[in-house]
Amino acid sequence: MQNNSQDLIKKGYSPTIPYLTPERNQKFFGIVLTLCALSFFGFFAIRPTVSTILKLQKELSDNQFVLDQLKTKIKNLTELRKQYFSLQSDLPTITSAITIQPDVQLLFAQIQSIAQASSITIKKLQNFEVEISSGSKGTRKDYYAYSFSIAGTGSFENISKFISTLTNMERIVNIDVFSINMTDQDSGSLGFDIQGSAFFKDNL
């Protein structure tokens, strides 16, 4: 009776229990190894691709940032160019008032031209030490100056005309000292001495 019960149990339950033979075990183990191998090699095959994608995304982001900065710079340069063209007509007046170089010879030529137009005689025209601009930004000044002296003769009216024209010329000059004295009472000729300063910038 007991043997019959055991036979019935084997017949009823054995079909539902996996029956793993050595052959099946070998196939199952082979499938598992194949999947592991595919996963392992797949990881090393995909990893460079993923790394390349991430690198390209970063480069794209950086390039976009640079492009935005360039667009902003171009916009600012365009605006500055418009402002420059609007001021271009005033630049000759500005550069004539304060030159970017000492231009001592040019100043003296202008003084002699004014003297000739004012009918006075220049006896002495001399410049003193010219201040040299420094290349260092920390010591750079807004403007630089040098001194000059003028000695000459002429009538009071002509000297007055000379002084008026000199102080109203395009080039900015400053008269620091002015003296006048009688040289010839008979002719009414007067002598005068002027000490002045001229200005220039090196970064207009």
# chains A, B, ... in the order shown; residues from 1 in each chain; ligands from 1
>>> residues_around(residues="Lys161 of chain A", least_positions_apart="4", cutoff="7 Å", atoms="only C-alpha atoms", output="mmCIF file with C-alpha atoms, in the first residue's frame")
data_model
loop_
_atom_site.group_PDB
_atom_site.id
_atom_site.type_symbol
_atom_site.label_atom_id
_atom_site.label_comp_id
_atom_site.auth_asym_id
_atom_site.auth_seq_id
_atom_site.Cartn_x
_atom_site.Cartn_y
_atom_site.Cartn_z
ATOM 1 C CA SER A 118 50.376 140.278 -35.418
ATOM 2 C CA GLU A 157 48.435 146.927 -29.777
ATOM 3 C CA THR A 165 45.494 135.031 -30.782
#
>>> atom_distance(atom1="atom CA of Ile159 of chain A", atom2="atom CA of Gln112 of chain A")
13.1 Å
>>> closest_residue(among="A:Ser197, A:Thr121, A:Ser61, A:Thr52", to="Pro102 of chain A", atoms="only C-alpha atoms")
A:Ser197
>>> residues_around(residues="Ile122 of chain A", least_positions_apart="5", cutoff="7 Å", atoms="only C-alpha atoms", output="compact mmCIF listing (two decimals) with C-alpha atoms, in the first residue's frame")
# COMPACT_ATOMS: atom_id res chain seq x y z
CA ALA A 151 60.71 136.93 -26.08
CA GLY A 152 59.95 139.60 -28.64
CA THR A 153 59.21 143.26 -29.44
>>> atom_distance(atom1="atom CA of Phe178 of chain A", atom2="atom CA of Ser147 of chain A")
13.5 Å
